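Structure record follows, encoded as C-alpha cells.
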Amino acid sequence: AMDDGGFFYRNNTLKFSLILPSSFEKYQTQRIQGDKYIDLEIFVPTSDEGFGKQVQGYAKPIVVRVFEKEAWENVNERNNSIYKFLGDKKDKVYTILFWEQAPRDWQERWHGEVENSVINSFEIE
C-alpha cells in the first residue's frame, strides 16, 4: 500500500502499473484473452445485489484493455470505442474503461477524481 493507502498494482505480463484507491481493499483481478486484445479486469467487493453477475459479490470498476495496435486503429477509426486511450508502446495500445454506474455502497467513494487519479498513475513499462 502507498502512503495515502492506495494500492500499487503492477502487471508484469502486460507491462503496466497503476495505483488503485485505498477503498480497493480486497480487490481481485482476472485476465481475459480476447480476439486481438487482452483485458485485465479489476473487481471490488459490493453488497449491492444488482452487481456480481460475473463474480459473485463483486463489481467491476475498472477494465484495462490492451489492444494490438492494428485492432485499436480499426476500432478508433469508427470512433466507437468506449475505451479511453492511455498510451501505446511498440505494437500495443493501452486503454481503460470505468463502470458506468457505481454500486450503491460505492457511490460515496467513487467520483471523477478517483478515475483521474487512476489514469494519472498509469504507467507503461
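All residue names refer to the C-alpha cells as shown: chains lettered A, B, ... in order, residues numbered from 1 in each chain, ligands numbered from 1 in order.
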Write out as a PDB file with C-alpha atoms, in the first residue's frame each polymer residue whose atoms come within 12 Å of Thr13 of chain A, counting only C-alpha atoms; drop sequence neighbours fewer than 3 positions from it.
```pdb
ATOM      1  CA  ARG A  10       1.825  -3.997 -11.499  1.00  0.00           C
ATOM      2  CA  PHE A  16       1.934  -1.661 -16.982  1.00  0.00           C
ATOM      3  CA  SER A  17       1.337  -0.412 -13.469  1.00  0.00           C
ATOM      4  CA  ARG A  31      -7.187 -11.627 -17.149  1.00  0.00           C
ATOM      5  CA  ILE A  38      -6.306  -8.712 -23.514  1.00  0.00           C
ATOM      6  CA  ASP A  39      -8.480  -7.412 -20.688  1.00  0.00           C
ATOM      7  CA  LEU A  40      -7.279  -7.027 -17.149  1.00  0.00           C
ATOM      8  CA  VAL A  66      -4.530  -3.795 -24.115  1.00  0.00           C
ATOM      9  CA  ILE A 124       3.521   1.681 -19.382  1.00  0.00           C
ATOM     10  CA  GLU A 125       6.765  -0.158 -18.708  1.00  0.00           C
TER      11      GLU A 125
END
```
- Message: Need to verify the contact set: Ile62 of chain A, 7 Å, only C-alpha atoms, exclusion of same-chain residues closer than 2 positions in sequence. Can you return it as a ChimeraX atom specification?
- Response: /A:41-42,60,64,97-99
- Item | Neighbour list for segment 51-56 of chain A as a list in words, cut-off 12 Å, only C-alpha atoms, skip fewer than 6 positions in-chain |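 Non-adjacent residues within range: Tyr27, Gln28, Thr29, Gln30, Glu41, Ile42, Phe43, Val44, Pro45, Trp99, Gln101, Ala102, Pro103, Arg104, Asp105 and Trp106 of chain A.
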What does the file look like for those residues with N, CA, C and O atoms, as a PDB file, in the first residue's frame?
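Printed below is part.pdb as written:
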```
ATOM      1  N   TYR A  27      -9.458  -6.170  -3.328  1.00  0.00           N
ATOM      2  CA  TYR A  27      -9.775  -6.229  -4.753  1.00  0.00           C
ATOM      3  C   TYR A  27      -9.251  -7.538  -5.358  1.00  0.00           C
ATOM      4  O   TYR A  27      -8.369  -8.186  -4.799  1.00  0.00           O
ATOM      5  N   GLN A  28      -9.828  -7.922  -6.479  1.00  0.00           N
ATOM      6  CA  GLN A  28      -9.416  -9.122  -7.215  1.00  0.00           C
ATOM      7  C   GLN A  28      -9.156  -8.727  -8.662  1.00  0.00           C
ATOM      8  O   GLN A  28      -9.772  -7.773  -9.142  1.00  0.00           O
ATOM      9  N   THR A  29      -8.302  -9.479  -9.337  1.00  0.00           N
ATOM     10  CA  THR A  29      -8.117  -9.216 -10.768  1.00  0.00           C
ATOM     11  C   THR A  29      -8.287 -10.507 -11.547  1.00  0.00           C
ATOM     12  O   THR A  29      -8.076 -11.591 -11.017  1.00  0.00           O
ATOM     13  N   GLN A  30      -8.695 -10.365 -12.798  1.00  0.00           N
ATOM     14  CA  GLN A  30      -8.648 -11.523 -13.689  1.00  0.00           C
ATOM     15  C   GLN A  30      -8.316 -11.063 -15.094  1.00  0.00           C
ATOM     16  O   GLN A  30      -8.653  -9.954 -15.492  1.00  0.00           O
ATOM     17  N   GLU A  41      -9.264  -7.245 -15.775  1.00  0.00           N
ATOM     18  CA  GLU A  41     -10.450  -6.776 -15.078  1.00  0.00           C
ATOM     19  C   GLU A  41     -10.141  -6.656 -13.590  1.00  0.00           C
ATOM     20  O   GLU A  41      -9.502  -7.540 -13.021  1.00  0.00           O
ATOM     21  N   ILE A  42     -10.590  -5.573 -12.988  1.00  0.00           N
ATOM     22  CA  ILE A  42     -10.381  -5.360 -11.560  1.00  0.00           C
ATOM     23  C   ILE A  42     -11.750  -5.335 -10.883  1.00  0.00           C
ATOM     24  O   ILE A  42     -12.654  -4.616 -11.326  1.00  0.00           O
ATOM     25  N   PHE A  43     -11.889  -6.140  -9.840  1.00  0.00           N
ATOM     26  CA  PHE A  43     -13.161  -6.282  -9.122  1.00  0.00           C
ATOM     27  C   PHE A  43     -13.017  -5.814  -7.681  1.00  0.00           C
ATOM     28  O   PHE A  43     -11.958  -5.984  -7.080  1.00  0.00           O
ATOM     29  N   VAL A  44     -14.094  -5.252  -7.145  1.00  0.00           N
ATOM     30  CA  VAL A  44     -14.133  -4.886  -5.728  1.00  0.00           C
ATOM     31  C   VAL A  44     -15.393  -5.476  -5.092  1.00  0.00           C
ATOM     32  O   VAL A  44     -16.411  -5.637  -5.765  1.00  0.00           O
ATOM     33  N   PRO A  45     -15.320  -5.798  -3.798  1.00  0.00           N
ATOM     34  CA  PRO A  45     -16.492  -6.364  -3.117  1.00  0.00           C
ATOM     35  C   PRO A  45     -17.648  -5.354  -3.078  1.00  0.00           C
ATOM     36  O   PRO A  45     -17.410  -4.162  -2.923  1.00  0.00           O
ATOM     37  N   TRP A  99     -16.617   1.599 -14.714  1.00  0.00           N
ATOM     38  CA  TRP A  99     -18.039   1.261 -14.671  1.00  0.00           C
ATOM     39  C   TRP A  99     -18.884   2.501 -14.932  1.00  0.00           C
ATOM     40  O   TRP A  99     -18.517   3.619 -14.620  1.00  0.00           O
ATOM     41  N   GLN A 101     -21.972   2.988 -13.755  1.00  0.00           N
ATOM     42  CA  GLN A 101     -22.610   3.378 -12.508  1.00  0.00           C
ATOM     43  C   GLN A 101     -22.018   2.560 -11.378  1.00  0.00           C
ATOM     44  O   GLN A 101     -21.874   1.346 -11.497  1.00  0.00           O
ATOM     45  N   ALA A 102     -21.676   3.251 -10.307  1.00  0.00           N
ATOM     46  CA  ALA A 102     -21.118   2.553  -9.145  1.00  0.00           C
ATOM     47  C   ALA A 102     -22.251   1.889  -8.365  1.00  0.00           C
ATOM     48  O   ALA A 102     -23.358   2.415  -8.315  1.00  0.00           O
ATOM     49  N   PRO A 103     -21.969   0.747  -7.739  1.00  0.00           N
ATOM     50  CA  PRO A 103     -22.957   0.127  -6.851  1.00  0.00           C
ATOM     51  C   PRO A 103     -23.330   1.084  -5.710  1.00  0.00           C
ATOM     52  O   PRO A 103     -22.564   1.994  -5.401  1.00  0.00           O
ATOM     53  N   ARG A 104     -24.474   0.831  -5.102  1.00  0.00           N
ATOM     54  CA  ARG A 104     -24.953   1.716  -4.019  1.00  0.00           C
ATOM     55  C   ARG A 104     -23.896   1.947  -2.942  1.00  0.00           C
ATOM     56  O   ARG A 104     -23.679   3.067  -2.508  1.00  0.00           O
ATOM     57  N   ASP A 105     -23.237   0.853  -2.526  1.00  0.00           N
ATOM     58  CA  ASP A 105     -22.276   1.002  -1.425  1.00  0.00           C
ATOM     59  C   ASP A 105     -20.936   1.603  -1.867  1.00  0.00           C
ATOM     60  O   ASP A 105     -20.025   1.743  -1.066  1.00  0.00           O
ATOM     61  N   TRP A 106     -20.839   1.976  -3.134  1.00  0.00           N
ATOM     62  CA  TRP A 106     -19.608   2.615  -3.619  1.00  0.00           C
ATOM     63  C   TRP A 106     -19.837   4.064  -4.035  1.00  0.00           C
ATOM     64  O   TRP A 106     -18.885   4.779  -4.324  1.00  0.00           O
TER      65      TRP A 106
END
```
- Would you list, as a PyMOL selection string, the residues of chain A that end up in helix (DSSP H, G or I) under DSSP run on this structure's backbone? chain A and resi 22-24+69-77+104-106+112-121
- Message: Just list as number ranges by chain whatever in segment 5-103 of chain A DSSP marks as strand (DSSP E or B).
- Response: A: 7-11, 16-20, 28-33, 37-45, 58-68, 84-89, 92-98
- Query: Of the candidates A:Ala59, A:Tyr94, A:Glu49, A:Leu86, which shows the shortest atom-to-atom distance to Leu14 of chain A, using only C-alpha atoms?
  - Reply: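 Distance minimum relative to Leu14 of chain A lands on A:Tyr94.
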- Task: Please measure the separation of atom CA of Glu68 of chain A and atom CA of Lys36 of chain A, giving the value in Å to one decimal.
- Result: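 Spanning atom CA of Glu68 of chain A to atom CA of Lys36 of chain A is a straight-line distance of 5.5 Å.
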- Mind pulling up the distance from atom CA of Asp48 of chain A to atom CA of Asn120 of chain A?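 Pair atom CA of Asn120 of chain A / atom CA of Asp48 of chain A returns 28.4 Å.
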- Pairwise distance for atom CA of Thr95 of chain A and atom CA of Asn116 of chain A, rounded to one decimal in Å: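 According to the coordinates, atom CA of Thr95 of chain A and atom CA of Asn116 of chain A are separated by 13.6 Å.
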List the neighbours of Phe8 of chain A out to 10 Å using only C-alpha atoms; skip same-chain residues closer than 2 positions along the sequence, and give me the result as a PDB file with all heavy atoms, in the first residue's frame.
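File out_5.pdb, as written:
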```pdb
ATOM      1  N   ALA A   1       0.845  -1.206   0.000  1.00  0.00           N
ATOM      2  CA  ALA A   1       0.000   0.000   0.000  1.00  0.00           C
ATOM      3  C   ALA A   1       0.878   1.253   0.000  1.00  0.00           C
ATOM      4  O   ALA A   1       1.989   1.235   0.504  1.00  0.00           O
ATOM      5  CB  ALA A   1      -0.916  -0.015   1.212  1.00  0.00           C
ATOM      6  N   MET A   2       0.336   2.311  -0.569  1.00  0.00           N
ATOM      7  CA  MET A   2       1.077   3.573  -0.681  1.00  0.00           C
ATOM      8  C   MET A   2       0.850   4.413   0.577  1.00  0.00           C
ATOM      9  O   MET A   2       0.073   4.051   1.443  1.00  0.00           O
ATOM     10  CB  MET A   2       0.570   4.369  -1.888  1.00  0.00           C
ATOM     11  CG  MET A   2       0.389   3.562  -3.155  1.00  0.00           C
ATOM     12  SD  MET A   2       1.936   2.991  -3.865  1.00  0.00           S
ATOM     13  CE  MET A   2       2.590   4.550  -4.453  1.00  0.00           C
ATOM     14  N   GLY A   5      -2.567   5.168   1.349  1.00  0.00           N
ATOM     15  CA  GLY A   5      -3.405   3.989   1.493  1.00  0.00           C
ATOM     16  C   GLY A   5      -3.780   3.333   0.179  1.00  0.00           C
ATOM     17  O   GLY A   5      -4.443   2.311   0.165  1.00  0.00           O
ATOM     18  N   GLY A   6      -3.357   3.934  -0.960  1.00  0.00           N
ATOM     19  CA  GLY A   6      -3.657   3.331  -2.258  1.00  0.00           C
ATOM     20  C   GLY A   6      -2.845   2.063  -2.466  1.00  0.00           C
ATOM     21  O   GLY A   6      -1.891   1.789  -1.729  1.00  0.00           O
ATOM     22  N   ARG A  10       1.007  -3.859 -10.291  1.00  0.00           N
ATOM     23  CA  ARG A  10       1.825  -3.997 -11.499  1.00  0.00           C
ATOM     24  C   ARG A  10       1.468  -5.293 -12.189  1.00  0.00           C
ATOM     25  O   ARG A  10       1.280  -6.313 -11.537  1.00  0.00           O
ATOM     26  CB  ARG A  10       3.308  -3.992 -11.150  1.00  0.00           C
ATOM     27  CG  ARG A  10       4.179  -4.392 -12.351  1.00  0.00           C
ATOM     28  CD  ARG A  10       5.648  -4.472 -12.012  1.00  0.00           C
ATOM     29  NE  ARG A  10       6.251  -3.152 -12.109  1.00  0.00           N
ATOM     30  CZ  ARG A  10       7.054  -2.640 -11.191  1.00  0.00           C
ATOM     31  NH1 ARG A  10       7.348  -3.320 -10.100  1.00  0.00           N
ATOM     32  NH2 ARG A  10       7.568  -1.441 -11.361  1.00  0.00           N
ATOM     33  N   SER A  17       1.646  -0.506 -14.893  1.00  0.00           N
ATOM     34  CA  SER A  17       1.337  -0.412 -13.469  1.00  0.00           C
ATOM     35  C   SER A  17       0.373   0.747 -13.268  1.00  0.00           C
ATOM     36  O   SER A  17       0.262   1.638 -14.106  1.00  0.00           O
ATOM     37  CB  SER A  17       2.605  -0.196 -12.655  1.00  0.00           C
ATOM     38  OG  SER A  17       3.173   1.061 -12.970  1.00  0.00           O
ATOM     39  N   LEU A  18      -0.340   0.700 -12.153  1.00  0.00           N
ATOM     40  CA  LEU A  18      -1.224   1.798 -11.784  1.00  0.00           C
ATOM     41  C   LEU A  18      -1.441   1.769 -10.281  1.00  0.00           C
ATOM     42  O   LEU A  18      -1.051   0.810  -9.613  1.00  0.00           O
ATOM     43  CB  LEU A  18      -2.551   1.732 -12.539  1.00  0.00           C
ATOM     44  CG  LEU A  18      -3.347   0.435 -12.606  1.00  0.00           C
ATOM     45  CD1 LEU A  18      -4.041   0.151 -11.292  1.00  0.00           C
ATOM     46  CD2 LEU A  18      -4.387   0.530 -13.697  1.00  0.00           C
ATOM     47  N   ILE A  19      -2.014   2.824  -9.771  1.00  0.00           N
ATOM     48  CA  ILE A  19      -2.297   2.896  -8.333  1.00  0.00           C
ATOM     49  C   ILE A  19      -3.811   2.904  -8.145  1.00  0.00           C
ATOM     50  O   ILE A  19      -4.518   3.736  -8.715  1.00  0.00           O
ATOM     51  CB  ILE A  19      -1.651   4.134  -7.696  1.00  0.00           C
ATOM     52  CG1 ILE A  19      -0.118   4.020  -7.813  1.00  0.00           C
ATOM     53  CG2 ILE A  19      -2.066   4.256  -6.227  1.00  0.00           C
ATOM     54  CD1 ILE A  19       0.634   5.266  -7.440  1.00  0.00           C
ATOM     55  N   LEU A  20      -4.279   1.943  -7.360  1.00  0.00           N
ATOM     56  CA  LEU A  20      -5.706   1.829  -7.073  1.00  0.00           C
ATOM     57  C   LEU A  20      -6.020   2.559  -5.773  1.00  0.00           C
ATOM     58  O   LEU A  20      -5.180   2.610  -4.880  1.00  0.00           O
ATOM     59  CB  LEU A  20      -6.077   0.340  -6.950  1.00  0.00           C
ATOM     60  CG  LEU A  20      -5.841  -0.472  -8.227  1.00  0.00           C
ATOM     61  CD1 LEU A  20      -5.938  -1.962  -7.933  1.00  0.00           C
ATOM     62  CD2 LEU A  20      -6.834  -0.062  -9.305  1.00  0.00           C
ATOM     63  N   PRO A  21      -7.231   3.119  -5.668  1.00  0.00           N
ATOM     64  CA  PRO A  21      -7.589   3.864  -4.454  1.00  0.00           C
ATOM     65  C   PRO A  21      -7.567   2.994  -3.200  1.00  0.00           C
ATOM     66  O   PRO A  21      -7.694   1.764  -3.289  1.00  0.00           O
ATOM     67  CB  PRO A  21      -9.009   4.353  -4.730  1.00  0.00           C
ATOM     68  CG  PRO A  21      -9.400   3.859  -6.059  1.00  0.00           C
ATOM     69  CD  PRO A  21      -8.294   3.096  -6.664  1.00  0.00           C
ATOM     70  N   SER A  22      -7.432   3.647  -2.054  1.00  0.00           N
ATOM     71  CA  SER A  22      -7.361   2.923  -0.778  1.00  0.00           C
ATOM     72  C   SER A  22      -8.644   2.141  -0.505  1.00  0.00           C
ATOM     73  O   SER A  22      -8.639   1.161   0.232  1.00  0.00           O
ATOM     74  CB  SER A  22      -7.099   3.896   0.357  1.00  0.00           C
ATOM     75  OG  SER A  22      -8.099   4.898   0.354  1.00  0.00           O
ATOM     76  N   SER A 121      -1.985   7.814 -12.638  1.00  0.00           N
ATOM     77  CA  SER A 121      -0.967   6.925 -12.060  1.00  0.00           C
ATOM     78  C   SER A 121      -0.515   5.847 -13.045  1.00  0.00           C
ATOM     79  O   SER A 121       0.433   5.120 -12.801  1.00  0.00           O
ATOM     80  CB  SER A 121      -1.534   6.223 -10.812  1.00  0.00           C
ATOM     81  OG  SER A 121      -2.468   5.206 -11.185  1.00  0.00           O
TER      82      SER A 121
END
```
